[in-house]
$ cat final.pdb   # PDB, C-alpha atoms and all ligand atoms
ATOM      1  CA  MET A   1      -0.906 -15.435  -3.640  1.00  0.00           C
ATOM      2  CA  LYS A   2      -3.261 -17.837  -5.437  1.00  0.00           C
ATOM      3  CA  LEU A   3      -6.356 -16.990  -3.400  1.00  0.00           C
ATOM      4  CA  LEU A   4      -5.958 -13.317  -4.259  1.00  0.00           C
ATOM      5  CA  GLU A   5      -5.331 -13.989  -7.955  1.00  0.00           C
ATOM      6  CA  GLN A   6      -8.483 -16.126  -8.079  1.00  0.00           C
ATOM      7  CA  ARG A   7     -10.529 -13.310  -6.544  1.00  0.00           C
ATOM      8  CA  ILE A   8      -9.091 -10.755  -8.969  1.00  0.00           C
ATOM      9  CA  LEU A   9      -9.985 -13.001 -11.920  1.00  0.00           C
ATOM     10  CA  ALA A  10     -13.459 -13.766 -10.561  1.00  0.00           C
ATOM     11  CA  GLN A  11     -14.488 -10.266  -9.445  1.00  0.00           C
ATOM     12  CA  GLY A  12     -11.945  -7.683 -10.640  1.00  0.00           C
ATOM     13  CA  LYS A  13     -12.782  -5.440 -13.564  1.00  0.00           C
ATOM     14  CA  GLY A  14     -10.033  -4.230 -15.865  1.00  0.00           C
ATOM     15  CA  LEU A  15     -10.831  -0.715 -17.039  1.00  0.00           C
ATOM     16  CA  ASP A  16      -9.407   1.352 -19.875  1.00  0.00           C
ATOM     17  CA  GLY A  17      -6.284   3.237 -18.877  1.00  0.00           C
ATOM     18  CA  GLY A  18      -4.786   0.357 -16.899  1.00  0.00           C
ATOM     19  CA  CYS A  19      -7.041   0.703 -13.875  1.00  0.00           C
ATOM     20  CA  LEU A  20      -8.265  -2.366 -11.990  1.00  0.00           C
ATOM     21  CA  LYS A  21     -11.496  -2.137 -10.043  1.00  0.00           C
ATOM     22  CA  VAL A  22     -11.692  -4.454  -7.054  1.00  0.00           C
ATOM     23  CA  ASP A  23     -14.602  -2.821  -5.243  1.00  0.00           C
ATOM     24  CA  MET A  24     -16.218  -6.200  -4.530  1.00  0.00           C
ATOM     25  CA  PHE A  25     -13.615  -7.290  -1.994  1.00  0.00           C
ATOM     26  CA  LEU A  26     -10.929  -4.655  -1.382  1.00  0.00           C
ATOM     27  CA  ASN A  27     -11.777  -1.041  -2.163  1.00  0.00           C
ATOM     28  CA  HIS A  28     -15.430  -0.561  -1.275  1.00  0.00           C
ATOM     29  CA  GLN A  29     -16.975  -3.755   0.057  1.00  0.00           C
ATOM     30  CA  ILE A  30     -14.226  -5.461   2.085  1.00  0.00           C
ATOM     31  CA  ASP A  31     -13.810  -9.222   2.494  1.00  0.00           C
ATOM     32  CA  VAL A  32     -12.325  -9.318   5.971  1.00  0.00           C
ATOM     33  CA  ASP A  33     -11.460 -13.024   5.765  1.00  0.00           C
ATOM     34  CA  LEU A  34      -9.426 -12.335   2.633  1.00  0.00           C
ATOM     35  CA  LEU A  35      -7.714  -9.413   4.396  1.00  0.00           C
ATOM     36  CA  GLY A  36      -6.826 -11.864   7.176  1.00  0.00           C
ATOM     37  CA  GLU A  37      -5.093 -14.116   4.639  1.00  0.00           C
ATOM     38  CA  ILE A  38      -3.352 -11.055   3.146  1.00  0.00           C
ATOM     39  CA  GLY A  39      -2.142 -10.001   6.596  1.00  0.00           C
ATOM     40  CA  LYS A  40      -0.817 -13.515   7.300  1.00  0.00           C
ATOM     41  CA  GLU A  41       1.003 -13.551   3.983  1.00  0.00           C
ATOM     42  CA  PHE A  42       2.684 -10.199   4.648  1.00  0.00           C
ATOM     43  CA  LYS A  43       3.764 -11.513   8.072  1.00  0.00           C
ATOM     44  CA  ARG A  44       5.206 -14.648   6.440  1.00  0.00           C
ATOM     45  CA  ILE A  45       7.099 -12.620   3.817  1.00  0.00           C
ATOM     46  CA  PHE A  46       8.479 -10.017   6.236  1.00  0.00           C
ATOM     47  CA  ALA A  47       8.996 -12.446   9.160  1.00  0.00           C
ATOM     48  CA  ASP A  48      12.737 -11.706   9.181  1.00  0.00           C
ATOM     49  CA  CYS A  49      12.150  -7.967   9.738  1.00  0.00           C
ATOM     50  CA  ASP A  50      11.921  -6.327  13.114  1.00  0.00           C
ATOM     51  CA  ILE A  51       8.962  -4.035  12.394  1.00  0.00           C
ATOM     52  CA  THR A  52       7.812  -1.432  14.950  1.00  0.00           C
ATOM     53  CA  LYS A  53       5.203   0.350  12.863  1.00  0.00           C
ATOM     54  CA  ILE A  54       3.105  -0.064   9.730  1.00  0.00           C
ATOM     55  CA  LEU A  55       2.607   3.053   7.628  1.00  0.00           C
ATOM     56  CA  THR A  56      -0.086   3.437   4.999  1.00  0.00           C
ATOM     57  CA  ILE A  57      -2.061   6.171   3.249  1.00  0.00           C
ATOM     58  CA  GLU A  58      -5.773   6.905   3.553  1.00  0.00           C
ATOM     59  CA  ALA A  59      -8.214   5.638   2.640  1.00  0.00           C
ATOM     60  CA  SER A  60      -7.906   2.213   0.995  1.00  0.00           C
ATOM     61  CA  GLY A  61      -4.670   1.237   2.734  1.00  0.00           C
ATOM     62  CA  ILE A  62      -6.068   1.544   6.248  1.00  0.00           C
ATOM     63  CA  GLY A  63      -8.126  -1.657   6.486  1.00  0.00           C
ATOM     64  CA  ILE A  64      -5.358  -3.763   4.955  1.00  0.00           C
ATOM     65  CA  ALA A  65      -2.733  -2.197   7.220  1.00  0.00           C
ATOM     66  CA  CYS A  66      -4.838  -2.705  10.368  1.00  0.00           C
ATOM     67  CA  ILE A  67      -5.446  -6.398   9.775  1.00  0.00           C
ATOM     68  CA  THR A  68      -1.804  -6.918   8.775  1.00  0.00           C
ATOM     69  CA  ALA A  69      -0.686  -5.096  11.941  1.00  0.00           C
ATOM     70  CA  GLN A  70      -2.505  -7.656  14.095  1.00  0.00           C
ATOM     71  CA  TYR A  71      -0.066 -10.303  12.851  1.00  0.00           C
ATOM     72  CA  PHE A  72       2.946  -8.086  13.606  1.00  0.00           C
ATOM     73  CA  GLY A  73       1.599  -6.804  16.938  1.00  0.00           C
ATOM     74  CA  VAL A  74       2.464  -3.198  16.067  1.00  0.00           C
ATOM     75  CA  PRO A  75       0.461   0.040  15.587  1.00  0.00           C
ATOM     76  CA  VAL A  76      -0.647   1.442  12.246  1.00  0.00           C
ATOM     77  CA  VAL A  77      -0.048   5.058  11.279  1.00  0.00           C
ATOM     78  CA  PHE A  78      -1.819   6.358   8.213  1.00  0.00           C
ATOM     79  CA  ALA A  79      -0.815   9.438   6.283  1.00  0.00           C
ATOM     80  CA  LYS A  80      -3.735  11.851   6.124  1.00  0.00           C
ATOM     81  CA  LYS A  81      -4.585  13.502   2.848  1.00  0.00           C
ATOM     82  CA  GLY A  82      -4.603  17.298   3.159  1.00  0.00           C
ATOM     83  CA  THR A  83      -3.271  19.164   6.156  1.00  0.00           C
ATOM     84  CA  ASN A  84      -5.971  20.270   8.549  1.00  0.00           C
ATOM     85  CA  LYS A  85      -6.248  21.747  11.997  1.00  0.00           C
ATOM     86  CA  ASN A  86      -7.129  18.385  13.565  1.00  0.00           C
ATOM     87  CA  ILE A  87      -3.584  17.099  13.436  1.00  0.00           C
ATOM     88  CA  GLY A  88      -1.841  20.387  14.265  1.00  0.00           C
ATOM     89  CA  ASN A  89       1.354  21.825  12.819  1.00  0.00           C
ATOM     90  CA  ASN A  90       3.848  19.298  14.095  1.00  0.00           C
ATOM     91  CA  LEU A  91       3.881  17.383  10.829  1.00  0.00           C
ATOM     92  CA  TYR A  92       5.965  15.623   8.257  1.00  0.00           C
ATOM     93  CA  THR A  93       4.433  16.364   4.852  1.00  0.00           C
ATOM     94  CA  ALA A  94       4.934  15.306   1.238  1.00  0.00           C
ATOM     95  CA  ASP A  95       3.130  15.966  -2.031  1.00  0.00           C
ATOM     96  CA  VAL A  96       1.652  12.963  -3.822  1.00  0.00           C
ATOM     97  CA  TYR A  97       0.130  12.769  -7.290  1.00  0.00           C
ATOM     98  CA  SER A  98      -2.912  10.499  -7.244  1.00  0.00           C
ATOM     99  CA  PHE A  99      -3.118   7.939 -10.052  1.00  0.00           C
ATOM    100  CA  THR A 100      -6.871   7.499  -9.664  1.00  0.00           C
ATOM    101  CA  LYS A 101      -7.866  11.149  -9.055  1.00  0.00           C
ATOM    102  CA  GLY A 102      -5.319  12.875 -11.315  1.00  0.00           C
ATOM    103  CA  ILE A 103      -4.524  15.563  -8.716  1.00  0.00           C
ATOM    104  CA  THR A 104      -1.649  16.303  -6.344  1.00  0.00           C
ATOM    105  CA  THR A 105      -2.439  16.233  -2.629  1.00  0.00           C
ATOM    106  CA  THR A 106      -0.320  16.978   0.408  1.00  0.00           C
ATOM    107  CA  ILE A 107      -0.142  14.036   2.789  1.00  0.00           C
ATOM    108  CA  ALA A 108       0.777  14.490   6.433  1.00  0.00           C
ATOM    109  CA  VAL A 109       1.860  12.422   9.439  1.00  0.00           C
ATOM    110  CA  SER A 110       2.189  13.863  12.932  1.00  0.00           C
ATOM    111  CA  LYS A 111       5.738  13.895  14.273  1.00  0.00           C
ATOM    112  CA  ASP A 112       4.280  12.299  17.433  1.00  0.00           C
ATOM    113  CA  TYR A 113       3.814   8.968  15.663  1.00  0.00           C
ATOM    114  CA  LEU A 114       7.025   8.390  13.715  1.00  0.00           C
ATOM    115  CA  SER A 115      10.545   8.760  15.053  1.00  0.00           C
ATOM    116  CA  GLU A 116      14.113   7.743  14.334  1.00  0.00           C
ATOM    117  CA  ASN A 117      13.605   4.671  16.558  1.00  0.00           C
ATOM    118  CA  ASP A 118      10.972   3.201  14.244  1.00  0.00           C
ATOM    119  CA  LYS A 119      11.436   0.401  11.725  1.00  0.00           C
ATOM    120  CA  VAL A 120       8.644   0.818   9.244  1.00  0.00           C
ATOM    121  CA  LEU A 121       6.783  -1.492   6.890  1.00  0.00           C
ATOM    122  CA  ILE A 122       4.835   0.423   4.229  1.00  0.00           C
ATOM    123  CA  ILE A 123       1.563  -1.256   3.206  1.00  0.00           C
ATOM    124  CA  ASP A 124      -0.777  -0.202   0.394  1.00  0.00           C
ATOM    125  CA  ASP A 125      -3.482  -1.695  -1.786  1.00  0.00           C
ATOM    126  CA  PHE A 126      -1.981  -0.890  -5.221  1.00  0.00           C
ATOM    127  CA  MET A 127       1.333   0.011  -6.781  1.00  0.00           C
ATOM    128  CA  ALA A 128       1.083   1.840 -10.112  1.00  0.00           C
ATOM    129  CA  ASN A 129       3.655   4.589 -10.711  1.00  0.00           C
ATOM    130  CA  GLY A 130       4.973   4.543  -7.156  1.00  0.00           C
ATOM    131  CA  LYS A 131       3.914   8.102  -6.251  1.00  0.00           C
ATOM    132  CA  ALA A 132       2.130   7.123  -3.031  1.00  0.00           C
ATOM    133  CA  ALA A 133       5.080   4.940  -1.941  1.00  0.00           C
ATOM    134  CA  HIS A 134       7.544   7.755  -2.708  1.00  0.00           C
ATOM    135  CA  GLY A 135       5.470  10.173  -0.615  1.00  0.00           C
ATOM    136  CA  LEU A 136       5.498   7.745   2.320  1.00  0.00           C
ATOM    137  CA  ILE A 137       9.249   7.152   1.891  1.00  0.00           C
ATOM    138  CA  ASN A 138       9.788  10.918   1.921  1.00  0.00           C
ATOM    139  CA  ILE A 139       7.890  11.181   5.220  1.00  0.00           C
ATOM    140  CA  ILE A 140       9.782   8.258   6.791  1.00  0.00           C
ATOM    141  CA  ASN A 141      13.096   9.823   5.742  1.00  0.00           C
ATOM    142  CA  GLN A 142      12.118  13.112   7.383  1.00  0.00           C
ATOM    143  CA  SER A 143      11.467  11.219  10.634  1.00  0.00           C
ATOM    144  CA  GLY A 144      14.808   9.393  10.554  1.00  0.00           C
ATOM    145  CA  ALA A 145      13.049   5.992  10.846  1.00  0.00           C
ATOM    146  CA  SER A 146      14.268   3.050   8.767  1.00  0.00           C
ATOM    147  CA  ILE A 147      12.306   1.478   5.915  1.00  0.00           C
ATOM    148  CA  GLU A 148      12.187  -2.313   6.265  1.00  0.00           C
ATOM    149  CA  GLY A 149      10.041  -2.983   3.230  1.00  0.00           C
ATOM    150  CA  ILE A 150       7.044  -2.158   1.097  1.00  0.00           C
ATOM    151  CA  GLY A 151       4.138  -4.622   0.990  1.00  0.00           C
ATOM    152  CA  ILE A 152       1.651  -4.173  -1.846  1.00  0.00           C
ATOM    153  CA  VAL A 153      -1.519  -6.191  -2.370  1.00  0.00           C
ATOM    154  CA  ILE A 154      -1.752  -5.668  -6.147  1.00  0.00           C
ATOM    155  CA  GLU A 155       1.193  -4.444  -8.203  1.00  0.00           C
ATOM    156  CA  LYS A 156       0.557  -3.474 -11.797  1.00  0.00           C
ATOM    157  CA  GLY A 157       3.792  -4.669 -13.332  1.00  0.00           C
ATOM    158  CA  PHE A 158       3.123  -2.810 -16.585  1.00  0.00           C
ATOM    159  CA  GLN A 159       3.520   0.454 -14.684  1.00  0.00           C
ATOM    160  CA  PRO A 160       6.971   1.435 -13.432  1.00  0.00           C
ATOM    161  CA  GLY A 161       6.497   2.049  -9.681  1.00  0.00           C
ATOM    162  CA  GLY A 162       7.514  -1.326  -8.234  1.00  0.00           C
ATOM    163  CA  ASP A 163      10.580  -1.947 -10.355  1.00  0.00           C
ATOM    164  CA  SER A 164      11.849   1.629 -10.019  1.00  0.00           C
ATOM    165  CA  LEU A 165      11.658   1.322  -6.223  1.00  0.00           C
ATOM    166  CA  ARG A 166      13.454  -2.044  -6.369  1.00  0.00           C
ATOM    167  CA  ALA A 167      16.156  -0.419  -8.495  1.00  0.00           C
ATOM    168  CA  LEU A 168      16.600   2.134  -5.708  1.00  0.00           C
ATOM    169  CA  GLY A 169      17.231  -0.748  -3.287  1.00  0.00           C
ATOM    170  CA  TYR A 170      13.858  -0.968  -1.553  1.00  0.00           C
ATOM    171  CA  ARG A 171      12.405  -4.357  -0.776  1.00  0.00           C
ATOM    172  CA  VAL A 172       9.048  -4.345  -2.590  1.00  0.00           C
ATOM    173  CA  GLU A 173       6.874  -7.445  -2.175  1.00  0.00           C
ATOM    174  CA  SER A 174       3.537  -7.734  -3.915  1.00  0.00           C
ATOM    175  CA  LEU A 175       0.954 -10.480  -3.414  1.00  0.00           C
ATOM    176  CA  ALA A 176      -0.391 -10.328  -6.962  1.00  0.00           C
ATOM    177  CA  LYS A 177       1.536  -8.894  -9.891  1.00  0.00           C
ATOM    178  CA  ILE A 178      -0.409  -8.031 -13.014  1.00  0.00           C
ATOM    179  CA  LYS A 179       1.275  -8.232 -16.375  1.00  0.00           C
ATOM    180  CA  SER A 180      -1.431  -6.646 -18.470  1.00  0.00           C
ATOM    181  CA  ILE A 181      -5.010  -5.442 -18.575  1.00  0.00           C
ATOM    182  CA  SER A 182      -6.294  -5.487 -22.118  1.00  0.00           C
ATOM    183  CA  ASP A 183      -9.927  -5.468 -23.319  1.00  0.00           C
ATOM    184  CA  GLY A 184     -10.935  -6.235 -19.753  1.00  0.00           C
ATOM    185  CA  GLN A 185      -8.678  -9.337 -19.676  1.00  0.00           C
ATOM    186  CA  ILE A 186      -6.358  -9.545 -16.686  1.00  0.00           C
ATOM    187  CA  GLU A 187      -3.086 -11.452 -16.996  1.00  0.00           C
ATOM    188  CA  PHE A 188      -0.636 -12.101 -14.160  1.00  0.00           C
ATOM    189  CA  MET A 189       3.162 -12.085 -14.339  1.00  0.00           C
TER     190      MET A 189
HETATM  191  P1  LIG B 201       0.814   5.036  -7.488  1.00  0.00           P
HETATM  192  O1  LIG B 201       1.017   6.084  -6.422  1.00  0.00           O
HETATM  193  O2  LIG B 201       1.707   3.840  -7.288  1.00  0.00           O
HETATM  194  O3  LIG B 201       0.866   5.596  -8.850  1.00  0.00           O
HETATM  195  O4  LIG B 201      -0.673   4.514  -7.309  1.00  0.00           O
HETATM  196  C1  LIG B 201      -1.012   3.838  -6.124  1.00  0.00           C
HETATM  197  C2  LIG B 201      -2.217   4.445  -5.472  1.00  0.00           C
HETATM  198  O5  LIG B 201      -3.216   4.761  -6.434  1.00  0.00           O
HETATM  199  C3  LIG B 201      -2.829   3.436  -4.506  1.00  0.00           C
HETATM  200  O6  LIG B 201      -2.815   4.009  -3.217  1.00  0.00           O
HETATM  201  C4  LIG B 201      -4.240   3.182  -4.998  1.00  0.00           C
HETATM  202  O7  LIG B 201      -5.176   3.683  -4.079  1.00  0.00           O
HETATM  203  C5  LIG B 201      -4.372   3.938  -6.301  1.00  0.00           C
HETATM  204  N1  LIG B 201      -4.394   3.046  -7.486  1.00  0.00           N
HETATM  205  C6  LIG B 201      -3.440   2.959  -8.444  1.00  0.00           C
HETATM  206  N2  LIG B 201      -3.818   2.117  -9.418  1.00  0.00           N
HETATM  207  C7  LIG B 201      -5.026   1.647  -9.064  1.00  0.00           C
HETATM  208  C8  LIG B 201      -5.937   0.720  -9.685  1.00  0.00           C
HETATM  209  O8  LIG B 201      -5.705   0.165 -10.781  1.00  0.00           O
HETATM  210  N3  LIG B 201      -7.080   0.462  -9.008  1.00  0.00           N
HETATM  211  C9  LIG B 201      -7.391   1.061  -7.819  1.00  0.00           C
HETATM  212  N4  LIG B 201      -8.544   0.723  -7.233  1.00  0.00           N
HETATM  213  N5  LIG B 201      -6.565   1.936  -7.206  1.00  0.00           N
HETATM  214  C10 LIG B 201      -5.385   2.234  -7.825  1.00  0.00           C
END

$ encode --input "final.pdb" --output "structure tokens"
Amino acid sequence: MKLLEQRILAQGKGLDGGCLKVDMFLNHQIDVDLLGEIGKEFKRIFADCDITKILTIEASGIGIACITAQYFGVPVVFAKKGTNKNIGNNLYTADVYSFTKGITTTIAVSKDYLSENDKVLIIDDFMANGKAAHGLINIINQSGASIEGIGIVIEKGFQPGGDSLRALGYRVESLAKIKSISDGQIEFM
């Protein structure tokens, strides 16, 4: 997606350790018009899928998933980090190692909001090692729902998550795929 690549080049900051900071438009301040274009693009790519629900993980995935969901006309469910009394005990849970925080957290989705009748599109902001996506897949599998695809805004192609999920047969589509981040220079695939 050219518009997205241009924004990454103009405002993204490549950090040491392969981390990309896009706080100017995606992860802290949010450019809602850009999210609209991202949502439209996901709808165009997954137009052949009969999606009933979009699943994401808090926090950064939520805004992207909500705007995308408007184009599909379906609800968003987001996996909550940590189990707490607010969502009760009727949960699907999975453990996820966080690339950015370096810790493992339990994520949870209420069994009320995902069932075997659902056809799910996973949406997230980044794909690095695929831990978040695997956690969401684990939860969807517990529910018996089907996984129609995985839509990622920025995939870091120099980390193994995307390709390892493709090798497992999942349809992973990313809107920008980064080849390398070196000395602050960002190069696309
Ligand atoms: P993974 O689970 O694929 O290893 O990492 C994906 C998750 O970690 C995403 O949900 C995202 O929030 C975070 N993440 C991974 N890499 C980056 C990055 O380079 N920049 C930012 N802002 N978040 C990242």

$ resolve_selection --input "final.pdb" --expression "the PyMOL selection byres (((not hetatm)) within 9 of (chain B and resi 201))" --output "PyMOL selection string"
chain A and resi 14-15+17-23+26-27+56-61+96-101+124-135+154-156+159-162

$ closest_atom_pairs --input "final.pdb" --of "range 42-79 of chain A" --to "range 175-187 of chain A" --cutoff "12 Å" --atoms "only C-alpha atoms" --output "Markdown table"
| residue | atom | partner | partner_atom | distance |
| --- | --- | --- | --- | --- |
| A:Phe42 | CA | A:Leu175 | CA | 8.3 |
| A:Lys43 | CA | A:Leu175 | CA | 11.9 |
| A:Arg44 | CA | A:Leu175 | CA | 11.5 |
| A:Ile45 | CA | A:Leu175 | CA | 9.7 |

$ residues_around --input "final.pdb" --residues "range 136-153 of chain A" --least-positions-apart "3" --cutoff "6 Å" --atoms "all atoms listed in the file" --output "list in words"
Tyr92, Ser115, Glu116, Asn117, Asp118, Lys119, Val120, Leu121, Ile122, Ile123, Asp124, Asp125, Phe126, Ala133, Arg171, Val172, Glu173, Ser174 and Leu175 of chain A

$ closest_residue --input "final.pdb" --among "A:Asp95, A:Asp48, A:Asp31, A:Asp16" --to "Ile107 in chain A" --atoms "all atoms listed in the file"
A:Asp95

$ atom_distance --input "final.pdb" --atom1 "CA of Gln6 in chain A" --atom2 "CA of Phe158 in chain A"
19.6 Å

$ atom_distance --input "final.pdb" --atom1 "CA of Gly12 in chain A" --atom2 "CA of Lys81 in chain A"
26.2 Å

$ closest_residue --input "final.pdb" --among "A:Ile51, A:Ala10, A:Ala65, A:Ala167" --to "Leu35 in chain A" --atoms "all atoms listed in the file"
A:Ala65

$ atom_distance --input "final.pdb" --atom1 "CA of Ile38 in chain A" --atom2 "CA of Asp112 in chain A"
28.4 Å

$ axis_aligned_box --input "final.pdb" --around "range 29-36 of chain A" --padding-each-side "4 Å" --output "lines of an AutoDock Vina configuration file"
center_x = -11.9
center_y = -8.4
center_z = 3.6
size_x = 18.1
size_y = 17.3
size_z = 15.1

$ closest_residue --input "final.pdb" --among "A:Arg7, A:Ala47, A:Gly63, A:Thr52" --to "Val32 in chain A" --atoms "all atoms listed in the file"
A:Gly63

$ closest_residue --input "final.pdb" --among "A:Ile103, A:Ile64, A:Ala108, A:Ala94" --to "Gly82 in chain A" --atoms "only C-alpha atoms"
A:Ala108

$ closest_residue --input "final.pdb" --among "A:Met24, A:Val109, A:Leu165, A:Ile54" --to "Pro75 in chain A" --atoms "all atoms listed in the file"
A:Ile54
